[in-house]
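Participant: Dropping a structure here in structure tokens format, bear with me for questions.
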Amino acid sequence: MPNQSRPKVKKSRALGIALTPKAVKYFEARPYPPGEHGRGRKQNSDYKVRLLEKQRLRAQYDISEKQMARAYDRAKKAEGKTGEALVIELERRLDALILRSGIARTIYQARQMVVHGHIEVNGGKVDKPSFRVRPDDVVMVRERSREKHPFQVAREGGYDTEGETPRYLQVNLKALAFRLDRDPNRKEIPVICDEQLVVEYYAR
């Protein structure tokens, strides 16, 4: 499991992106890295720029370095640009799609929903956030979990505040269910990343 001991607001400021809705207002008020020297000018080497971009992508999906490296290895074998294939590979994770669907408010909550056994795919329970959803797979909250408070909030659209649902998903929040219609296109995926820098990091 990725280490979540570092406060998410501080982590957001260090990476230059808001990782949770709560972090947005703090990030807007203090758009510089945390710490005593956060506002000072820093010399950025090419390596450091690429490392930061890799860490930003990792943080947005809340994955470990090992998971990131595996996703990169799979992306290298895919057709087309490796960077775009990497982001698409990560976007097909079960926890990421639960977040995009509006069933969860943050990637951290989405991960918890899966780990605690509240989610099923094509009628079978799945408790691995890294499960890779395929086109035409149907994901839904299990019957026994639907009356729990987070899912009641989701059903009423309480987490669906980040803009319109990506076109690659068919979502029915009232039923707490969605289907992956097709593989996403990179330009449709709402993550902040220059994925070419991530490729250069791993190809060094």
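All residue names refer to the structure tokens as shown: chains lettered A, B, ... in order, residues numbered from 1 in each chain, ligands numbered from 1 in order.
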Might you pull out every residue within 10 Å of A:Ser145, with only C-alpha atoms counted and same-chain residues fewer than 3 positions away left off, and present them as a list in words?
Facilitator: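 Neighbouring residues, sequence-local ones excluded: Met113, Gly117, His118, Ile119, Val141, Arg142, Lys148, His149, Pro150, Phe151 and Gln152 of chain A.
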Participant: Could you write out, as a PyMOL selection string, all the residues of chain A that DSSP marks as alpha helix (DSSP H)?
Facilitator: chain A and resi 8-15+21-29+46-61+65-76+82-91+94-101+107-115+149-155+195-203
Participant: Create the file for the chosen residues now, containing C-alpha atoms and written as a PDB file, in the first residue's frame.
Facilitator:
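Wrote it out as out.pdb, contents follow:
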```pdb
ATOM      1  CA  LYS A   8      -2.476  15.459   1.584  1.00  0.00           C
ATOM      2  CA  VAL A   9      -2.581  19.271   1.575  1.00  0.00           C
ATOM      3  CA  LYS A  10       1.176  19.487   2.130  1.00  0.00           C
ATOM      4  CA  LYS A  11       1.742  16.805  -0.499  1.00  0.00           C
ATOM      5  CA  SER A  12      -0.498  18.728  -2.933  1.00  0.00           C
ATOM      6  CA  ARG A  13       1.541  21.893  -2.471  1.00  0.00           C
ATOM      7  CA  ALA A  14       4.825  20.030  -2.865  1.00  0.00           C
ATOM      8  CA  LEU A  15       3.671  18.508  -6.172  1.00  0.00           C
ATOM      9  CA  PRO A  21     -11.250  18.798  -3.039  1.00  0.00           C
ATOM     10  CA  LYS A  22     -10.254  19.965   0.456  1.00  0.00           C
ATOM     11  CA  ALA A  23      -6.730  20.705  -0.781  1.00  0.00           C
ATOM     12  CA  VAL A  24      -8.009  23.036  -3.518  1.00  0.00           C
ATOM     13  CA  LYS A  25      -8.707  26.021  -1.249  1.00  0.00           C
ATOM     14  CA  TYR A  26      -5.434  25.594   0.660  1.00  0.00           C
ATOM     15  CA  PHE A  27      -3.539  25.256  -2.596  1.00  0.00           C
ATOM     16  CA  GLU A  28      -5.133  28.434  -3.984  1.00  0.00           C
ATOM     17  CA  ALA A  29      -4.133  30.331  -0.834  1.00  0.00           C
ATOM     18  CA  ASP A  46      16.338  17.849 -15.932  1.00  0.00           C
ATOM     19  CA  TYR A  47      16.284  14.798 -13.673  1.00  0.00           C
ATOM     20  CA  LYS A  48      14.388  16.643 -10.956  1.00  0.00           C
ATOM     21  CA  VAL A  49      11.777  17.946 -13.427  1.00  0.00           C
ATOM     22  CA  ARG A  50      11.155  14.427 -14.747  1.00  0.00           C
ATOM     23  CA  LEU A  51      11.093  12.947 -11.247  1.00  0.00           C
ATOM     24  CA  LEU A  52       8.517  15.530 -10.125  1.00  0.00           C
ATOM     25  CA  GLU A  53       6.294  14.777 -13.111  1.00  0.00           C
ATOM     26  CA  LYS A  54       6.455  11.054 -12.354  1.00  0.00           C
ATOM     27  CA  GLN A  55       5.574  11.716  -8.702  1.00  0.00           C
ATOM     28  CA  ARG A  56       2.653  13.936  -9.737  1.00  0.00           C
ATOM     29  CA  LEU A  57       1.198  11.183 -11.909  1.00  0.00           C
ATOM     30  CA  ARG A  58       1.741   8.581  -9.183  1.00  0.00           C
ATOM     31  CA  ALA A  59       0.016  10.769  -6.603  1.00  0.00           C
ATOM     32  CA  GLN A  60      -3.059  11.382  -8.741  1.00  0.00           C
ATOM     33  CA  TYR A  61      -3.647   7.624  -8.906  1.00  0.00           C
ATOM     34  CA  GLU A  65       6.459   3.024  -7.323  1.00  0.00           C
ATOM     35  CA  LYS A  66       6.307  -0.696  -8.087  1.00  0.00           C
ATOM     36  CA  GLN A  67       2.778  -0.363  -9.507  1.00  0.00           C
ATOM     37  CA  MET A  68       3.871   2.627 -11.578  1.00  0.00           C
ATOM     38  CA  ALA A  69       6.881   0.778 -13.000  1.00  0.00           C
ATOM     39  CA  ARG A  70       4.697  -2.214 -13.929  1.00  0.00           C
ATOM     40  CA  ALA A  71       2.200   0.055 -15.680  1.00  0.00           C
ATOM     41  CA  TYR A  72       5.073   1.651 -17.607  1.00  0.00           C
ATOM     42  CA  ASP A  73       6.357  -1.790 -18.686  1.00  0.00           C
ATOM     43  CA  ARG A  74       2.897  -2.667 -20.020  1.00  0.00           C
ATOM     44  CA  ALA A  75       2.592   0.723 -21.754  1.00  0.00           C
ATOM     45  CA  LYS A  76       5.907   0.163 -23.584  1.00  0.00           C
ATOM     46  CA  THR A  82       4.153   5.117 -24.572  1.00  0.00           C
ATOM     47  CA  GLY A  83       3.228   8.141 -22.445  1.00  0.00           C
ATOM     48  CA  GLU A  84      -0.380   8.173 -23.600  1.00  0.00           C
ATOM     49  CA  ALA A  85      -0.604   4.385 -23.189  1.00  0.00           C
ATOM     50  CA  LEU A  86       0.703   4.748 -19.624  1.00  0.00           C
ATOM     51  CA  VAL A  87      -2.006   7.220 -18.599  1.00  0.00           C
ATOM     52  CA  ILE A  88      -4.703   5.091 -20.269  1.00  0.00           C
ATOM     53  CA  GLU A  89      -3.342   2.029 -18.456  1.00  0.00           C
ATOM     54  CA  LEU A  90      -3.627   3.814 -15.098  1.00  0.00           C
ATOM     55  CA  GLU A  91      -7.073   5.198 -15.907  1.00  0.00           C
ATOM     56  CA  LEU A  94     -10.959   0.081 -10.843  1.00  0.00           C
ATOM     57  CA  ASP A  95     -10.417   2.737  -8.164  1.00  0.00           C
ATOM     58  CA  ALA A  96      -9.734   5.446 -10.776  1.00  0.00           C
ATOM     59  CA  LEU A  97     -12.960   4.703 -12.652  1.00  0.00           C
ATOM     60  CA  ILE A  98     -14.985   4.662  -9.421  1.00  0.00           C
ATOM     61  CA  LEU A  99     -13.685   8.181  -8.804  1.00  0.00           C
ATOM     62  CA  ARG A 100     -14.506   9.344 -12.345  1.00  0.00           C
ATOM     63  CA  SER A 101     -18.028   7.898 -12.105  1.00  0.00           C
ATOM     64  CA  ILE A 107      -9.097   8.414  -5.123  1.00  0.00           C
ATOM     65  CA  TYR A 108      -8.427   7.527  -1.473  1.00  0.00           C
ATOM     66  CA  GLN A 109     -12.130   6.939  -0.800  1.00  0.00           C
ATOM     67  CA  ALA A 110     -12.453   4.935  -4.027  1.00  0.00           C
ATOM     68  CA  ARG A 111      -9.563   2.685  -2.951  1.00  0.00           C
ATOM     69  CA  GLN A 112     -11.201   2.136   0.438  1.00  0.00           C
ATOM     70  CA  MET A 113     -14.533   1.205  -1.136  1.00  0.00           C
ATOM     71  CA  VAL A 114     -12.836  -1.502  -3.195  1.00  0.00           C
ATOM     72  CA  VAL A 115     -10.606  -2.856  -0.406  1.00  0.00           C
ATOM     73  CA  HIS A 149     -23.858   6.658   4.105  1.00  0.00           C
ATOM     74  CA  PRO A 150     -21.120   7.268   1.465  1.00  0.00           C
ATOM     75  CA  PHE A 151     -23.184   5.477  -1.167  1.00  0.00           C
ATOM     76  CA  GLN A 152     -26.348   7.347  -0.237  1.00  0.00           C
ATOM     77  CA  VAL A 153     -24.408  10.592  -0.776  1.00  0.00           C
ATOM     78  CA  ALA A 154     -23.087   9.292  -4.116  1.00  0.00           C
ATOM     79  CA  ARG A 155     -26.587   8.272  -5.247  1.00  0.00           C
ATOM     80  CA  GLU A 195       3.516  12.116 -19.658  1.00  0.00           C
ATOM     81  CA  GLN A 196       6.457  12.467 -22.056  1.00  0.00           C
ATOM     82  CA  LEU A 197       8.588  13.594 -19.093  1.00  0.00           C
ATOM     83  CA  VAL A 198       7.518  10.459 -17.217  1.00  0.00           C
ATOM     84  CA  VAL A 199       8.613   8.320 -20.167  1.00  0.00           C
ATOM     85  CA  GLU A 200      11.960  10.131 -20.243  1.00  0.00           C
ATOM     86  CA  TYR A 201      12.352   9.478 -16.500  1.00  0.00           C
ATOM     87  CA  TYR A 202      11.948   5.724 -16.920  1.00  0.00           C
ATOM     88  CA  ALA A 203      13.964   5.590 -20.161  1.00  0.00           C
TER      89      ALA A 203
END
```
Participant: Just checking: using only C-alpha atoms, which residue out of A:Lys125, A:Lys174, A:Arg182, A:Arg105 ends up closest to A:Asp137?
Facilitator: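 Looking only at the distances to A:Asp137, the closest residue turns out to be A:Arg182.
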Participant: Write down as a list in words the residues of stretch 58-171 of chain A whose backbone DSSP state falls under strand (DSSP E).
Facilitator: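 So the strand (DSSP E) residues in stretch 58-171 of chain A would be Ile119, Glu120, Val121, Gly124, Lys125, Val138, Val139, Met140, Val141, Leu169, Gln170 and Val171 of chain A.
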Participant: Could you dump the residues just selected with N, CA, C and O atoms as a compact mmCIF listing (two decimals), in the first residue's frame?
Facilitator:
```txt
# COMPACT_ATOMS: atom_id res chain seq x y z
N ILE A 119 -17.56 -3.35 -3.78
CA ILE A 119 -17.69 -3.20 -5.24
C ILE A 119 -17.70 -4.55 -5.93
O ILE A 119 -16.96 -5.47 -5.54
N GLU A 120 -18.51 -4.66 -6.97
CA GLU A 120 -18.49 -5.86 -7.79
C GLU A 120 -18.33 -5.47 -9.26
O GLU A 120 -18.74 -4.39 -9.68
N VAL A 121 -17.71 -6.36 -10.02
CA VAL A 121 -17.53 -6.19 -11.46
C VAL A 121 -18.14 -7.38 -12.15
O VAL A 121 -17.80 -8.53 -11.84
N GLY A 124 -19.36 -10.14 -9.80
CA GLY A 124 -18.45 -10.79 -8.85
C GLY A 124 -17.70 -9.77 -8.02
O GLY A 124 -17.27 -8.74 -8.54
N LYS A 125 -17.54 -10.03 -6.72
CA LYS A 125 -16.84 -9.10 -5.83
C LYS A 125 -15.38 -8.95 -6.25
O LYS A 125 -14.71 -9.94 -6.54
N VAL A 138 -19.21 -4.09 -16.35
CA VAL A 138 -20.17 -3.34 -15.55
C VAL A 138 -19.72 -3.36 -14.09
O VAL A 138 -19.51 -4.44 -13.52
N VAL A 139 -19.56 -2.17 -13.51
CA VAL A 139 -19.10 -2.02 -12.13
C VAL A 139 -20.26 -1.46 -11.31
O VAL A 139 -20.91 -0.51 -11.74
N MET A 140 -20.51 -2.05 -10.14
CA MET A 140 -21.58 -1.51 -9.30
C MET A 140 -21.30 -1.76 -7.82
O MET A 140 -20.47 -2.61 -7.48
N VAL A 141 -21.97 -0.98 -6.98
CA VAL A 141 -21.89 -1.17 -5.54
C VAL A 141 -22.71 -2.40 -5.19
O VAL A 141 -23.83 -2.58 -5.68
N LEU A 169 -17.37 6.52 -20.04
CA LEU A 169 -18.18 5.86 -19.02
C LEU A 169 -19.67 6.10 -19.25
O LEU A 169 -20.07 7.21 -19.60
N GLN A 170 -20.46 5.07 -19.04
CA GLN A 170 -21.92 5.20 -18.95
C GLN A 170 -22.26 5.04 -17.47
O GLN A 170 -22.04 3.97 -16.90
N VAL A 171 -22.77 6.10 -16.85
CA VAL A 171 -22.97 6.10 -15.40
C VAL A 171 -24.45 6.19 -15.06
O VAL A 171 -25.18 7.00 -15.64
```
Participant: Any idea what the distance is between atom CA of A:Asp136 and atom CA of A:Ser64?
Facilitator: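 Here the two named atoms are 27.5 Å from each other.
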Participant: Using only C-alpha atoms, which residue out of A:Asp127, A:Thr106, A:Ala78, A:Ile63 lies closest to A:Leu19?
Facilitator: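 Answer, going by the shortest atom-to-atom distance: A:Thr106.
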Participant: What gap, in Å, lies between atom CA of A:Asp194 and atom CA of A:Lys81?
Facilitator: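 Value for the atom CA of A:Asp194-atom CA of A:Lys81 distance: 12.6 Å.
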Participant: Between atom CA of A:Arg179 and atom CA of A:Glu156, what is the distance, to one decimal in Å?
Facilitator: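 These atoms are spaced 18.7 Å apart.
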Participant: Which one is closest to A:Pro190: A:Lys128, A:Arg167, A:Arg144, A:Lys77? Count only C-alpha atoms.
Facilitator: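 For A:Pro190, the nearest of the given residues is A:Arg167.
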Participant: Closest to A:Lys187 among A:Pro166, A:Asn44, A:Glu147, A:Asp62, using only C-alpha atoms?
Facilitator: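 Checking each of A:Pro166, A:Asn44, A:Glu147, A:Asp62 against A:Lys187, counting only C-alpha atoms, the winner is A:Pro166.
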